[in-house]
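This is protein-v4.txt (compact mmCIF, N, CA and C atoms).
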# COMPACT_ATOMS: atom_id res chain seq x y z
N MET A 1 37.20 -165.78 60.53
CA MET A 1 37.36 -167.00 61.30
C MET A 1 36.70 -168.14 60.53
N SER A 2 37.45 -169.19 60.29
CA SER A 2 36.93 -170.34 59.57
C SER A 2 36.58 -171.46 60.53
N SER A 3 35.54 -172.17 60.20
CA SER A 3 35.10 -173.28 61.04
C SER A 3 35.67 -174.61 60.56
N ASN A 4 36.40 -174.57 59.46
CA ASN A 4 36.99 -175.79 58.89
C ASN A 4 35.95 -176.84 58.55
N GLY A 5 34.81 -176.42 57.99
CA GLY A 5 33.80 -177.34 57.52
C GLY A 5 32.97 -178.03 58.59
N LYS A 6 32.95 -177.49 59.80
CA LYS A 6 32.13 -178.10 60.85
C LYS A 6 30.65 -177.97 60.49
N LEU A 7 29.86 -178.87 61.05
CA LEU A 7 28.43 -178.93 60.75
C LEU A 7 27.63 -178.01 61.66
N ALA A 8 26.77 -177.21 61.04
CA ALA A 8 25.81 -176.37 61.77
C ALA A 8 24.41 -176.74 61.29
N VAL A 9 23.47 -176.79 62.22
CA VAL A 9 22.09 -177.13 61.89
C VAL A 9 21.18 -175.97 62.27
N VAL A 10 20.28 -175.63 61.37
CA VAL A 10 19.23 -174.65 61.65
C VAL A 10 17.92 -175.42 61.59
N LEU A 11 17.22 -175.47 62.71
CA LEU A 11 15.95 -176.19 62.76
C LEU A 11 14.84 -175.33 62.14
N ALA A 12 13.89 -175.97 61.49
CA ALA A 12 12.82 -175.24 60.82
C ALA A 12 11.49 -175.95 61.01
N GLU A 13 10.46 -175.16 60.96
CA GLU A 13 9.06 -175.63 60.97
C GLU A 13 8.25 -174.45 60.46
N ASP A 14 7.03 -174.70 60.03
CA ASP A 14 6.19 -173.61 59.52
C ASP A 14 6.02 -172.52 60.57
N ASN A 15 5.88 -171.29 60.09
CA ASN A 15 5.68 -170.09 60.90
C ASN A 15 6.93 -169.66 61.67
N TYR A 16 8.10 -169.93 61.09
CA TYR A 16 9.33 -169.43 61.71
C TYR A 16 9.45 -167.93 61.47
N GLU A 17 10.23 -167.27 62.29
CA GLU A 17 10.53 -165.85 62.11
C GLU A 17 11.64 -165.76 61.06
N CYS A 18 11.36 -165.12 59.95
CA CYS A 18 12.23 -165.14 58.76
C CYS A 18 13.68 -164.76 59.06
N LEU A 19 13.91 -163.60 59.65
CA LEU A 19 15.29 -163.16 59.89
C LEU A 19 16.01 -164.03 60.91
N GLU A 20 15.26 -164.66 61.79
CA GLU A 20 15.87 -165.49 62.83
C GLU A 20 16.31 -166.85 62.30
N LEU A 21 15.85 -167.23 61.13
CA LEU A 21 16.32 -168.45 60.48
C LEU A 21 17.39 -168.12 59.45
N HIS A 22 17.08 -167.17 58.54
CA HIS A 22 17.97 -166.94 57.40
C HIS A 22 19.24 -166.16 57.76
N TYR A 23 19.17 -165.19 58.63
CA TYR A 23 20.38 -164.42 58.95
C TYR A 23 21.46 -165.29 59.60
N PRO A 24 21.12 -166.06 60.64
CA PRO A 24 22.17 -166.94 61.20
C PRO A 24 22.66 -167.98 60.19
N ARG A 25 21.75 -168.49 59.36
CA ARG A 25 22.14 -169.48 58.35
C ARG A 25 23.18 -168.89 57.40
N LEU A 26 22.92 -167.69 56.91
CA LEU A 26 23.86 -167.06 55.98
C LEU A 26 25.18 -166.70 56.65
N ARG A 27 25.14 -166.24 57.88
CA ARG A 27 26.38 -165.89 58.60
C ARG A 27 27.22 -167.13 58.86
N LEU A 28 26.57 -168.25 59.18
CA LEU A 28 27.31 -169.50 59.41
C LEU A 28 27.96 -169.99 58.12
N ILE A 29 27.26 -169.85 57.00
CA ILE A 29 27.84 -170.21 55.70
C ILE A 29 29.06 -169.34 55.43
N GLU A 30 28.94 -168.03 55.68
CA GLU A 30 30.07 -167.12 55.48
C GLU A 30 31.26 -167.51 56.36
N ALA A 31 30.98 -168.04 57.54
CA ALA A 31 32.06 -168.44 58.46
C ALA A 31 32.65 -169.80 58.11
N GLY A 32 32.14 -170.46 57.07
CA GLY A 32 32.73 -171.71 56.62
C GLY A 32 32.06 -172.96 57.13
N TYR A 33 30.92 -172.84 57.80
CA TYR A 33 30.22 -174.02 58.30
C TYR A 33 29.48 -174.70 57.16
N ASP A 34 29.33 -176.02 57.28
CA ASP A 34 28.43 -176.80 56.43
C ASP A 34 27.07 -176.69 57.10
N VAL A 35 26.18 -175.87 56.56
CA VAL A 35 24.90 -175.58 57.20
C VAL A 35 23.80 -176.44 56.59
N GLN A 36 23.07 -177.12 57.47
CA GLN A 36 21.93 -177.93 57.04
C GLN A 36 20.69 -177.44 57.77
N VAL A 37 19.63 -177.22 57.00
CA VAL A 37 18.34 -176.84 57.57
C VAL A 37 17.46 -178.08 57.54
N PHE A 38 16.86 -178.40 58.68
CA PHE A 38 15.88 -179.48 58.67
C PHE A 38 14.89 -179.31 59.81
N GLY A 39 13.82 -180.06 59.71
CA GLY A 39 12.76 -180.01 60.71
C GLY A 39 12.29 -181.39 61.08
N PRO A 40 11.13 -181.47 61.70
CA PRO A 40 10.65 -182.76 62.20
C PRO A 40 10.13 -183.71 61.13
N THR A 41 9.80 -183.19 59.96
CA THR A 41 9.24 -184.03 58.91
C THR A 41 10.32 -184.96 58.37
N PRO A 42 10.03 -186.26 58.32
CA PRO A 42 11.05 -187.20 57.87
C PRO A 42 11.38 -187.14 56.39
N GLN A 43 10.62 -186.39 55.60
CA GLN A 43 10.93 -186.34 54.19
C GLN A 43 11.99 -185.26 53.92
N VAL A 44 12.94 -185.58 53.07
CA VAL A 44 13.99 -184.65 52.72
C VAL A 44 13.48 -183.67 51.67
N GLY A 45 14.08 -182.50 51.61
CA GLY A 45 13.65 -181.49 50.65
C GLY A 45 12.32 -180.85 51.01
N GLN A 46 11.93 -180.93 52.26
CA GLN A 46 10.68 -180.33 52.74
C GLN A 46 10.81 -178.81 52.68
N THR A 47 9.72 -178.12 52.37
CA THR A 47 9.71 -176.66 52.37
C THR A 47 8.84 -176.18 53.52
N TYR A 48 9.42 -175.30 54.35
CA TYR A 48 8.68 -174.66 55.44
C TYR A 48 8.52 -173.20 55.11
N LYS A 49 7.37 -172.62 55.51
CA LYS A 49 7.11 -171.22 55.23
C LYS A 49 7.20 -170.39 56.50
N SER A 50 7.76 -169.20 56.34
CA SER A 50 7.88 -168.27 57.47
C SER A 50 6.53 -167.61 57.75
N LYS A 51 6.49 -166.83 58.82
CA LYS A 51 5.28 -166.08 59.15
C LYS A 51 4.92 -165.12 58.01
N GLU A 52 5.95 -164.66 57.29
CA GLU A 52 5.74 -163.69 56.21
C GLU A 52 5.55 -164.35 54.84
N GLY A 53 5.64 -165.68 54.79
CA GLY A 53 5.43 -166.40 53.54
C GLY A 53 6.69 -166.79 52.79
N TYR A 54 7.86 -166.40 53.31
CA TYR A 54 9.11 -166.83 52.67
C TYR A 54 9.34 -168.30 53.00
N TRP A 55 10.16 -168.95 52.19
CA TRP A 55 10.34 -170.39 52.38
C TRP A 55 11.77 -170.71 52.79
N ALA A 56 11.89 -171.83 53.46
CA ALA A 56 13.19 -172.43 53.77
C ALA A 56 13.07 -173.89 53.38
N ARG A 57 13.95 -174.33 52.51
CA ARG A 57 13.94 -175.72 52.07
C ARG A 57 14.98 -176.49 52.87
N THR A 58 14.57 -177.66 53.32
CA THR A 58 15.49 -178.47 54.12
C THR A 58 16.58 -179.06 53.24
N HIS A 59 17.65 -179.46 53.89
CA HIS A 59 18.78 -180.08 53.22
C HIS A 59 18.30 -181.33 52.48
N PRO A 60 18.81 -181.60 51.29
CA PRO A 60 18.31 -182.74 50.51
C PRO A 60 18.49 -184.11 51.15
N THR A 61 19.40 -184.23 52.13
CA THR A 61 19.58 -185.54 52.75
C THR A 61 19.43 -185.52 54.26
N ALA A 62 19.12 -184.37 54.85
CA ALA A 62 19.11 -184.26 56.31
C ALA A 62 17.70 -184.35 56.89
N THR A 63 17.58 -185.16 57.91
CA THR A 63 16.37 -185.22 58.73
C THR A 63 16.81 -185.43 60.17
N VAL A 64 15.90 -185.27 61.09
CA VAL A 64 16.22 -185.51 62.50
C VAL A 64 16.71 -186.95 62.68
N ALA A 65 16.17 -187.86 61.90
CA ALA A 65 16.51 -189.27 62.05
C ALA A 65 17.90 -189.62 61.53
N ASN A 66 18.43 -188.86 60.55
CA ASN A 66 19.70 -189.29 59.96
C ASN A 66 20.87 -188.32 60.13
N VAL A 67 20.72 -187.29 60.96
CA VAL A 67 21.85 -186.42 61.28
C VAL A 67 22.30 -186.76 62.70
N ASP A 68 23.54 -187.19 62.81
CA ASP A 68 24.09 -187.57 64.11
C ASP A 68 24.30 -186.32 64.96
N PRO A 69 23.55 -186.18 66.06
CA PRO A 69 23.66 -184.96 66.87
C PRO A 69 25.03 -184.78 67.51
N THR A 70 25.80 -185.84 67.66
CA THR A 70 27.13 -185.72 68.27
C THR A 70 28.15 -185.13 67.29
N LYS A 71 27.81 -185.03 66.02
CA LYS A 71 28.70 -184.49 65.00
C LYS A 71 28.43 -183.02 64.71
N VAL A 72 27.47 -182.42 65.39
CA VAL A 72 27.04 -181.05 65.13
C VAL A 72 27.79 -180.09 66.05
N ALA A 73 28.30 -179.00 65.48
CA ALA A 73 29.03 -177.99 66.26
C ALA A 73 28.12 -176.87 66.74
N VAL A 74 27.12 -176.50 65.92
CA VAL A 74 26.23 -175.38 66.23
C VAL A 74 24.81 -175.76 65.84
N VAL A 75 23.86 -175.41 66.72
CA VAL A 75 22.43 -175.56 66.40
C VAL A 75 21.77 -174.20 66.59
N ILE A 76 21.01 -173.77 65.60
CA ILE A 76 20.25 -172.53 65.69
C ILE A 76 18.77 -172.89 65.69
N VAL A 77 18.06 -172.35 66.67
CA VAL A 77 16.61 -172.53 66.76
C VAL A 77 15.98 -171.15 66.59
N PRO A 78 15.32 -170.91 65.44
CA PRO A 78 14.71 -169.59 65.24
C PRO A 78 13.42 -169.44 66.04
N GLY A 79 13.05 -168.20 66.26
CA GLY A 79 11.80 -167.93 66.97
C GLY A 79 10.60 -167.96 66.04
N GLY A 80 9.54 -167.38 66.51
CA GLY A 80 8.27 -167.46 65.79
C GLY A 80 7.46 -168.61 66.36
N PHE A 81 6.34 -168.88 65.76
CA PHE A 81 5.48 -169.95 66.25
C PHE A 81 6.05 -171.33 65.94
N CYS A 82 7.06 -171.39 65.08
CA CYS A 82 7.64 -172.69 64.71
C CYS A 82 8.18 -173.44 65.92
N THR A 83 8.68 -172.70 66.89
CA THR A 83 9.27 -173.36 68.06
C THR A 83 8.22 -174.10 68.86
N ASP A 84 7.04 -173.54 68.96
CA ASP A 84 5.96 -174.24 69.65
C ASP A 84 5.61 -175.52 68.90
N ARG A 85 5.70 -175.49 67.59
CA ARG A 85 5.44 -176.69 66.78
C ARG A 85 6.57 -177.70 66.93
N LEU A 86 7.82 -177.23 66.91
CA LEU A 86 8.97 -178.13 67.03
C LEU A 86 8.99 -178.88 68.35
N ARG A 87 8.65 -178.21 69.43
CA ARG A 87 8.75 -178.84 70.75
C ARG A 87 7.71 -179.93 70.97
N ARG A 88 6.75 -180.05 70.10
CA ARG A 88 5.73 -181.10 70.20
C ARG A 88 6.23 -182.44 69.64
N HIS A 89 7.38 -182.40 68.99
CA HIS A 89 7.95 -183.62 68.40
C HIS A 89 9.01 -184.18 69.34
N LYS A 90 8.73 -185.32 69.90
CA LYS A 90 9.65 -185.94 70.85
C LYS A 90 11.02 -186.19 70.24
N ASP A 91 11.05 -186.60 68.96
CA ASP A 91 12.33 -186.89 68.32
C ASP A 91 13.18 -185.63 68.16
N VAL A 92 12.55 -184.47 67.94
CA VAL A 92 13.29 -183.21 67.84
C VAL A 92 13.87 -182.84 69.20
N CYS A 93 13.06 -182.98 70.25
CA CYS A 93 13.54 -182.68 71.62
C CYS A 93 14.70 -183.59 71.99
N GLU A 94 14.59 -184.87 71.68
CA GLU A 94 15.66 -185.82 72.01
C GLU A 94 16.92 -185.52 71.20
N TRP A 95 16.73 -185.15 69.92
CA TRP A 95 17.88 -184.83 69.07
C TRP A 95 18.61 -183.60 69.63
N LEU A 96 17.87 -182.56 70.00
CA LEU A 96 18.49 -181.35 70.53
C LEU A 96 19.21 -181.61 71.84
N LYS A 97 18.59 -182.40 72.69
CA LYS A 97 19.23 -182.75 73.97
C LYS A 97 20.54 -183.50 73.74
N ALA A 98 20.54 -184.41 72.77
CA ALA A 98 21.76 -185.16 72.46
C ALA A 98 22.82 -184.25 71.84
N ALA A 99 22.41 -183.29 71.02
CA ALA A 99 23.37 -182.36 70.41
C ALA A 99 24.02 -181.49 71.47
N TRP A 100 23.26 -181.02 72.43
CA TRP A 100 23.79 -180.17 73.49
C TRP A 100 24.65 -180.96 74.46
N ASN A 101 24.22 -182.15 74.83
CA ASN A 101 24.98 -183.08 75.67
C ASN A 101 25.46 -182.41 76.97
N ASP A 102 24.54 -181.84 77.70
CA ASP A 102 24.86 -181.20 78.98
C ASP A 102 25.97 -180.17 78.88
N GLY A 103 26.00 -179.44 77.78
CA GLY A 103 26.99 -178.39 77.61
C GLY A 103 28.32 -178.84 77.05
N LYS A 104 28.48 -180.13 76.78
CA LYS A 104 29.74 -180.65 76.25
C LYS A 104 29.71 -180.82 74.74
N GLY A 105 28.55 -180.60 74.14
CA GLY A 105 28.39 -180.82 72.71
C GLY A 105 28.28 -179.51 71.94
N ALA A 106 27.25 -179.42 71.13
CA ALA A 106 27.06 -178.28 70.24
C ALA A 106 26.70 -177.01 71.02
N VAL A 107 27.07 -175.89 70.43
CA VAL A 107 26.58 -174.60 70.90
C VAL A 107 25.16 -174.48 70.39
N VAL A 108 24.20 -174.23 71.29
CA VAL A 108 22.79 -174.11 70.89
C VAL A 108 22.37 -172.66 71.04
N GLY A 109 22.03 -172.05 69.91
CA GLY A 109 21.54 -170.67 69.91
C GLY A 109 20.05 -170.68 69.69
N HIS A 110 19.33 -170.11 70.63
CA HIS A 110 17.87 -170.01 70.46
C HIS A 110 17.50 -168.55 70.57
N ILE A 111 16.70 -168.10 69.61
CA ILE A 111 16.39 -166.68 69.47
C ILE A 111 14.94 -166.43 69.88
N CYS A 112 14.76 -165.48 70.79
CA CYS A 112 13.44 -165.03 71.24
C CYS A 112 12.61 -166.20 71.79
N HIS A 113 11.47 -166.49 71.20
CA HIS A 113 10.58 -167.54 71.69
C HIS A 113 11.16 -168.95 71.51
N ALA A 114 12.29 -169.06 70.81
CA ALA A 114 12.88 -170.37 70.56
C ALA A 114 13.35 -171.07 71.82
N ALA A 115 13.43 -170.35 72.93
CA ALA A 115 13.82 -170.99 74.19
C ALA A 115 12.82 -172.06 74.62
N TRP A 116 11.62 -172.02 74.06
CA TRP A 116 10.63 -173.06 74.36
C TRP A 116 11.18 -174.45 74.05
N LEU A 117 11.94 -174.57 72.95
CA LEU A 117 12.42 -175.90 72.56
C LEU A 117 13.47 -176.45 73.51
N PRO A 118 14.55 -175.73 73.85
CA PRO A 118 15.49 -176.30 74.81
C PRO A 118 14.87 -176.54 76.18
N ILE A 119 13.94 -175.71 76.57
CA ILE A 119 13.25 -175.94 77.86
C ILE A 119 12.48 -177.24 77.80
N SER A 120 11.83 -177.52 76.67
CA SER A 120 11.05 -178.75 76.53
C SER A 120 11.95 -179.97 76.40
N ALA A 121 13.15 -179.77 75.86
CA ALA A 121 14.08 -180.90 75.68
C ALA A 121 14.67 -181.28 77.03
Could you render the structure as structure tokens?
Amino acid sequence: MSSNGKLAVVLAEDNYECLELHYPRLRLIEAGYDVQVFGPTPQVGQTYKSKEGYWARTHPTATVANVDPTKVAVVIVPGGFCTDRLRRHKDVCEWLKAAWNDGKGAVVGHICHAAWLPISA
């Protein structure tokens, strides 16, 4: 099944659960999505570390401030302690709420403890 180049976003912050970020990211790429990883830090190319020490580098041009949430088809929120960190950023909560748009926008997948973020949004 091809997504025809639709945009998918995987949110990141330090202490993410490794498989909960990378596995969905890789599967979305295989399905044909344009996948961008980003977090609350406004600098592009930011590197976040998982609980196990693996890294995820953000998209070279993507930040919460410059990705239009209405253009996103899928949002993945990984678990781990990163979700508690993500939900403390008002701009991330507002971005996620706009992407979901009361169920009319993006599909939002949150894994394990990641439900903290949509609840806070």
Which residues are near stretch 14-17 of chain A? Cut-off 8 Å, all atoms listed in the file, ignore same chain within fewer than 6 positions. Put them as a count of residues only. 17
Nearest to A:His113, chosen from A:Ala31, A:Val37, A:Leu26, A:Val77, with all atoms listed in the file counted in the distances: A:Val77
Using only N, CA and C atoms, which residues sit within 7 Å of A:Pro40 once same-chain residues fewer than 5 positions away are excluded, as JSON, numbers by chain? {"A": [12, 13, 63, 64, 86, 89, 92]}
Output N, CA and C atoms for every residue in that selection, as an mmCIF file, in the frame of the given file.
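As a result, part.cif now contains:
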data_model
loop_
_atom_site.group_PDB
_atom_site.id
_atom_site.type_symbol
_atom_site.label_atom_id
_atom_site.label_comp_id
_atom_site.auth_asym_id
_atom_site.auth_seq_id
_atom_site.Cartn_x
_atom_site.Cartn_y
_atom_site.Cartn_z
ATOM 1 N N ALA A 12 13.890 -175.970 61.490
ATOM 2 C CA ALA A 12 12.820 -175.240 60.820
ATOM 3 C C ALA A 12 11.490 -175.950 61.010
ATOM 4 N N GLU A 13 10.460 -175.160 60.960
ATOM 5 C CA GLU A 13 9.060 -175.630 60.970
ATOM 6 C C GLU A 13 8.250 -174.450 60.460
ATOM 7 N N THR A 63 17.580 -185.160 57.910
ATOM 8 C CA THR A 63 16.370 -185.220 58.730
ATOM 9 C C THR A 63 16.810 -185.430 60.170
ATOM 10 N N VAL A 64 15.900 -185.270 61.090
ATOM 11 C CA VAL A 64 16.220 -185.510 62.500
ATOM 12 C C VAL A 64 16.710 -186.950 62.680
ATOM 13 N N LEU A 86 7.820 -177.230 66.910
ATOM 14 C CA LEU A 86 8.970 -178.130 67.030
ATOM 15 C C LEU A 86 8.990 -178.880 68.350
ATOM 16 N N HIS A 89 7.380 -182.400 68.990
ATOM 17 C CA HIS A 89 7.950 -183.620 68.400
ATOM 18 C C HIS A 89 9.010 -184.180 69.340
ATOM 19 N N VAL A 92 12.550 -184.470 67.940
ATOM 20 C CA VAL A 92 13.290 -183.210 67.840
ATOM 21 C C VAL A 92 13.870 -182.840 69.200
#
Find the residues near A:Trp116: any atom within 9 Å, counting only C-alpha atoms, skip ones fewer than 4 places away on the same chain, and give them as a count of residues only. 6
Excluding same-chain residues fewer than 2 positions from A:Val108, what lies within 7 Å of it counting only N, CA and C atoms, as a list in words?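 With the cut-off at 7 Å, the set is Ala73, Val74, Val75, Ile76, Val77, Trp100, Gly105, Ala106 and His110 of chain A.
The set of protein, DNA and RNA residues with any counted atom at most 7 Å from (17.9, -180.8, 77.4) (all atoms listed in the file) reads Cys93, Leu96, Lys97, Ala98, Asn101, Asp102, Pro118, Ile119, Ser120 and Ala121 of chain A.
The spacing separating atom N of A:Pro69 from atom CA of A:Cys112 amounts to 24.0 Å.
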Select, from A:His59, A:Leu117, A:Arg27, A:Tyr33, the residue with the minimum atom-to-atom distance to A:Asn4, counting only N, CA and C atoms. A:Tyr33
Sel. of alpha helix (DSSP H) residues, chain A, as a PDB file with N, CA and C atoms, in the coordinates of the input:
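Listed below is the output, part_19.pdb:
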ATOM      1  N   CYS A  18      11.360-165.120  59.950  1.00  0.00           N
ATOM      2  CA  CYS A  18      12.230-165.140  58.760  1.00  0.00           C
ATOM      3  C   CYS A  18      13.680-164.760  59.060  1.00  0.00           C
ATOM      4  N   LEU A  19      13.910-163.600  59.650  1.00  0.00           N
ATOM      5  CA  LEU A  19      15.290-163.160  59.890  1.00  0.00           C
ATOM      6  C   LEU A  19      16.010-164.030  60.910  1.00  0.00           C
ATOM      7  N   GLU A  20      15.260-164.660  61.790  1.00  0.00           N
ATOM      8  CA  GLU A  20      15.870-165.490  62.830  1.00  0.00           C
ATOM      9  C   GLU A  20      16.310-166.850  62.300  1.00  0.00           C
ATOM     10  N   LEU A  21      15.850-167.230  61.130  1.00  0.00           N
ATOM     11  CA  LEU A  21      16.320-168.450  60.480  1.00  0.00           C
ATOM     12  C   LEU A  21      17.390-168.120  59.450  1.00  0.00           C
ATOM     13  N   HIS A  22      17.080-167.170  58.540  1.00  0.00           N
ATOM     14  CA  HIS A  22      17.970-166.940  57.400  1.00  0.00           C
ATOM     15  C   HIS A  22      19.240-166.160  57.760  1.00  0.00           C
ATOM     16  N   TYR A  23      19.170-165.190  58.630  1.00  0.00           N
ATOM     17  CA  TYR A  23      20.380-164.420  58.950  1.00  0.00           C
ATOM     18  C   TYR A  23      21.460-165.290  59.600  1.00  0.00           C
ATOM     19  N   PRO A  24      21.120-166.060  60.640  1.00  0.00           N
ATOM     20  CA  PRO A  24      22.170-166.940  61.200  1.00  0.00           C
ATOM     21  C   PRO A  24      22.660-167.980  60.190  1.00  0.00           C
ATOM     22  N   ARG A  25      21.750-168.490  59.360  1.00  0.00           N
ATOM     23  CA  ARG A  25      22.140-169.480  58.350  1.00  0.00           C
ATOM     24  C   ARG A  25      23.180-168.890  57.400  1.00  0.00           C
ATOM     25  N   LEU A  26      22.920-167.690  56.910  1.00  0.00           N
ATOM     26  CA  LEU A  26      23.860-167.060  55.980  1.00  0.00           C
ATOM     27  C   LEU A  26      25.180-166.700  56.650  1.00  0.00           C
ATOM     28  N   ARG A  27      25.140-166.240  57.880  1.00  0.00           N
ATOM     29  CA  ARG A  27      26.380-165.890  58.600  1.00  0.00           C
ATOM     30  C   ARG A  27      27.220-167.130  58.860  1.00  0.00           C
ATOM     31  N   LEU A  28      26.570-168.250  59.180  1.00  0.00           N
ATOM     32  CA  LEU A  28      27.310-169.500  59.410  1.00  0.00           C
ATOM     33  C   LEU A  28      27.960-169.990  58.120  1.00  0.00           C
ATOM     34  N   ILE A  29      27.260-169.850  57.000  1.00  0.00           N
ATOM     35  CA  ILE A  29      27.840-170.210  55.700  1.00  0.00           C
ATOM     36  C   ILE A  29      29.060-169.340  55.430  1.00  0.00           C
ATOM     37  N   GLU A  30      28.940-168.030  55.680  1.00  0.00           N
ATOM     38  CA  GLU A  30      30.070-167.120  55.480  1.00  0.00           C
ATOM     39  C   GLU A  30      31.260-167.510  56.360  1.00  0.00           C
ATOM     40  N   CYS A  82       7.060-171.390  65.080  1.00  0.00           N
ATOM     41  CA  CYS A  82       7.640-172.690  64.710  1.00  0.00           C
ATOM     42  C   CYS A  82       8.180-173.440  65.920  1.00  0.00           C
ATOM     43  N   THR A  83       8.680-172.700  66.890  1.00  0.00           N
ATOM     44  CA  THR A  83       9.270-173.360  68.060  1.00  0.00           C
ATOM     45  C   THR A  83       8.220-174.100  68.860  1.00  0.00           C
ATOM     46  N   ASP A  84       7.040-173.540  68.960  1.00  0.00           N
ATOM     47  CA  ASP A  84       5.960-174.240  69.650  1.00  0.00           C
ATOM     48  C   ASP A  84       5.610-175.520  68.900  1.00  0.00           C
ATOM     49  N   ARG A  85       5.700-175.490  67.590  1.00  0.00           N
ATOM     50  CA  ARG A  85       5.440-176.690  66.780  1.00  0.00           C
ATOM     51  C   ARG A  85       6.570-177.700  66.930  1.00  0.00           C
ATOM     52  N   LEU A  86       7.820-177.230  66.910  1.00  0.00           N
ATOM     53  CA  LEU A  86       8.970-178.130  67.030  1.00  0.00           C
ATOM     54  C   LEU A  86       8.990-178.880  68.350  1.00  0.00           C
ATOM     55  N   LYS A  90       8.730-185.320  69.900  1.00  0.00           N
ATOM     56  CA  LYS A  90       9.650-185.940  70.850  1.00  0.00           C
ATOM     57  C   LYS A  90      11.020-186.190  70.240  1.00  0.00           C
ATOM     58  N   ASP A  91      11.050-186.600  68.960  1.00  0.00           N
ATOM     59  CA  ASP A  91      12.330-186.890  68.320  1.00  0.00           C
ATOM     60  C   ASP A  91      13.180-185.630  68.160  1.00  0.00           C
ATOM     61  N   VAL A  92      12.550-184.470  67.940  1.00  0.00           N
ATOM     62  CA  VAL A  92      13.290-183.210  67.840  1.00  0.00           C
ATOM     63  C   VAL A  92      13.870-182.840  69.200  1.00  0.00           C
ATOM     64  N   CYS A  93      13.060-182.980  70.250  1.00  0.00           N
ATOM     65  CA  CYS A  93      13.540-182.680  71.620  1.00  0.00           C
ATOM     66  C   CYS A  93      14.700-183.590  71.990  1.00  0.00           C
ATOM     67  N   GLU A  94      14.590-184.870  71.680  1.00  0.00           N
ATOM     68  CA  GLU A  94      15.660-185.820  72.010  1.00  0.00           C
ATOM     69  C   GLU A  94      16.920-185.520  71.200  1.00  0.00           C
ATOM     70  N   TRP A  95      16.730-185.150  69.920  1.00  0.00           N
ATOM     71  CA  TRP A  95      17.880-184.830  69.070  1.00  0.00           C
ATOM     72  C   TRP A  95      18.610-183.600  69.630  1.00  0.00           C
ATOM     73  N   LEU A  96      17.870-182.560  70.000  1.00  0.00           N
ATOM     74  CA  LEU A  96      18.490-181.350  70.530  1.00  0.00           C
ATOM     75  C   LEU A  96      19.210-181.610  71.840  1.00  0.00           C
ATOM     76  N   LYS A  97      18.590-182.400  72.690  1.00  0.00           N
ATOM     77  CA  LYS A  97      19.230-182.750  73.970  1.00  0.00           C
ATOM     78  C   LYS A  97      20.540-183.500  73.740  1.00  0.00           C
ATOM     79  N   ALA A  98      20.540-184.410  72.770  1.00  0.00           N
ATOM     80  CA  ALA A  98      21.760-185.160  72.460  1.00  0.00           C
ATOM     81  C   ALA A  98      22.820-184.250  71.840  1.00  0.00           C
ATOM     82  N   ALA A  99      22.410-183.290  71.020  1.00  0.00           N
ATOM     83  CA  ALA A  99      23.370-182.360  70.410  1.00  0.00           C
ATOM     84  C   ALA A  99      24.020-181.490  71.470  1.00  0.00           C
ATOM     85  N   TRP A 100      23.260-181.020  72.430  1.00  0.00           N
ATOM     86  CA  TRP A 100      23.790-180.170  73.490  1.00  0.00           C
ATOM     87  C   TRP A 100      24.650-180.960  74.460  1.00  0.00           C
ATOM     88  N   TRP A 116      11.620-172.020  74.060  1.00  0.00           N
ATOM     89  CA  TRP A 116      10.630-173.060  74.360  1.00  0.00           C
ATOM     90  C   TRP A 116      11.180-174.450  74.050  1.00  0.00           C
ATOM     91  N   LEU A 117      11.940-174.570  72.950  1.00  0.00           N
ATOM     92  CA  LEU A 117      12.420-175.900  72.560  1.00  0.00           C
ATOM     93  C   LEU A 117      13.470-176.450  73.510  1.00  0.00           C
ATOM     94  N   PRO A 118      14.550-175.730  73.850  1.00  0.00           N
ATOM     95  CA  PRO A 118      15.490-176.300  74.810  1.00  0.00           C
ATOM     96  C   PRO A 118      14.870-176.540  76.180  1.00  0.00           C
ATOM     97  N   ILE A 119      13.940-175.710  76.570  1.00  0.00           N
ATOM     98  CA  ILE A 119      13.250-175.940  77.860  1.00  0.00           C
ATOM     99  C   ILE A 119      12.480-177.240  77.800  1.00  0.00           C
ATOM    100  N   SER A 120      11.830-177.520  76.670  1.00  0.00           N
ATOM    101  CA  SER A 120      11.050-178.750  76.530  1.00  0.00           C
ATOM    102  C   SER A 120      11.950-179.970  76.400  1.00  0.00           C
TER     103      SER A 120
END
Considering all atoms listed in the file, state which residue in the set A:Ala99, A:Val35, A:Ala114, A:Leu11 is at the smallest distance from A:Lys71.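 Residue with the minimum atom-to-atom distance to A:Lys71: A:Ala99.
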